[in-house]
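Visitor: Take this structure, written in structure tokens, and hold onto it; I'll ask about it next.
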Amino acid sequence: MSKVAVAGIEITHPDRQLYGKAGVTKADVARHYALVGARMLEIAGPRPVSLFRCPTGIDGESFFQKHAGKGFPDELARIDIAEKDGETGEYLYAKDVAGLVAAAQMGTIEFHGWGARADRLEAPDRLIFDLDPDEGLGFTETKKAAFEMRETLSAIGLKSTAMVTGGKGIHVIVPLRRTVSWDTLKAFSRTFAHMLAEEAPERYTATMSKAKRNNRIFIDWLRNERGATAILPYSLRARPGAPVATPVTWEELEGLKSASAFTIGNMAGRLKGKEPALAVKPQTLGKAVIGRLEKRVG
């Protein structure tokens with residue numbers, strides 16, 4: 001059995017093909033997280049994660065795992081979290097690059113993170129909207145929606161960043177100071193999303209129902225509640241071609257033709273540049289911003 005070491009972690013079955021004919025091996029996935037890990041943690045920080053594991057590749061059995069399991073490596077940190085049913089679950093988070101690579105050794109391809117960091121679970125640090133287009137819509141329409149959302153957020157006093165998800169959608173993200181409760185964040189995101197859907201019902205829906213998504217973009221605001229997760233920056237996606245969820249500047253987004261424009265092969269060159277997501281500092285979701293939203297809603 002061949003083995004290689006990546007970031008000090010022993011990778012078993014390094015030559016296992018995880019992306020079909022794309023030629024991306026288990027060792028390549030581990031090396032990806034060794035490469036992007038520092039930037040990934042710089043942006044996202046240590047937050048509870050759900051791991052999307054594909055031990056034999058994206059065409060084989062796959063599953064989400066959010067609780068620590070038997071045999072999980074020590075490099076992945078644990079945290080006890082009270083759940084809705086009153087029970088306490090042992091969740092996982094990566095506090096360093098070794099933790100990310102250790103998860104890759106366990107067959108993890110995707111990392112989906114909470115909206116709060118492990119040190120202050122009840123204080124979310126981001127507002128996130130996932131723009132999810134209906135099957136019949138192209139990326140041009142999704143980009144238009146992202147720019148419209150940016151302008152609407154700006155009008156009420158919030159600066160935002162963008163990330164292409166590596167799938168079909170775009171995340172519009174507002175970094176927040178950790179001064180707001182989950183209830184306030186959820187109420188704000190719900191009101192904002194439904195406001196846009198009511199102002200342009202032919203283009204948007206804020207309801208998850210597939211039936212109501214016909215030729216519209218679903219503004220997924222449900223990522224903004226306790227326990228919900230969203231794909232983390234620089235996470236691989238378990239999709240053909242090994243695309244990567246990638247933060248972009250608004251200027252860069254204008255020229256992109258796909259939400260999966262960036263792949264595992266683009267990352268070494270890309271990380272030499274300035275990370276656009278860090279250009280927007282955390283903001284306060286306070287009375288002034290909430291008041292402007294309420295005034296617009298009427």
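Lettering and numbering for the structure tokens are positional, with chains as A, B, ... in the shown order, residues counted from 1 in each chain, and ligands counted from 1 in the shown order.
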Fewer than 5 positions away in the same chain doesn't count, so skip those; otherwise give me all residues within 8 Å of Gln105 of chain A, counting only C-alpha atoms, as an NGL selection string.
Guide: :A and (9-12 or 26 or 30)
Visitor: Mind checking DSSP for segment 16-260 of chain A and telling me the alpha helix (DSSP H) residues as a VMD selection string?
Guide: chain A and resid 26 to 44 97 to 105 139 to 155 182 to 199 250 to 255
Visitor: Tell me, as JSON, numbers by chain, which residues lie within 12 Å of Lys295 of chain A, counting only C-alpha atoms; anything in the same chain fewer than 6 positions away does not count.
Guide: {"A": [155, 156, 191, 192, 195, 287, 288, 289]}
Visitor: Calculated over only C-alpha atoms, which of the candidates A:Gly241, A:Val97, A:Phe139, A:Thr179 has the smallest distance to Gly255 of chain A?
Guide: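 Nearest to Gly255 of chain A: A:Phe139.
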Visitor: Nearest residue to Gly57 of chain A out of A:Val244, A:Met208, A:Ala238, A:Val36, using only C-alpha atoms?
Guide: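 Closest candidate: A:Ala238.
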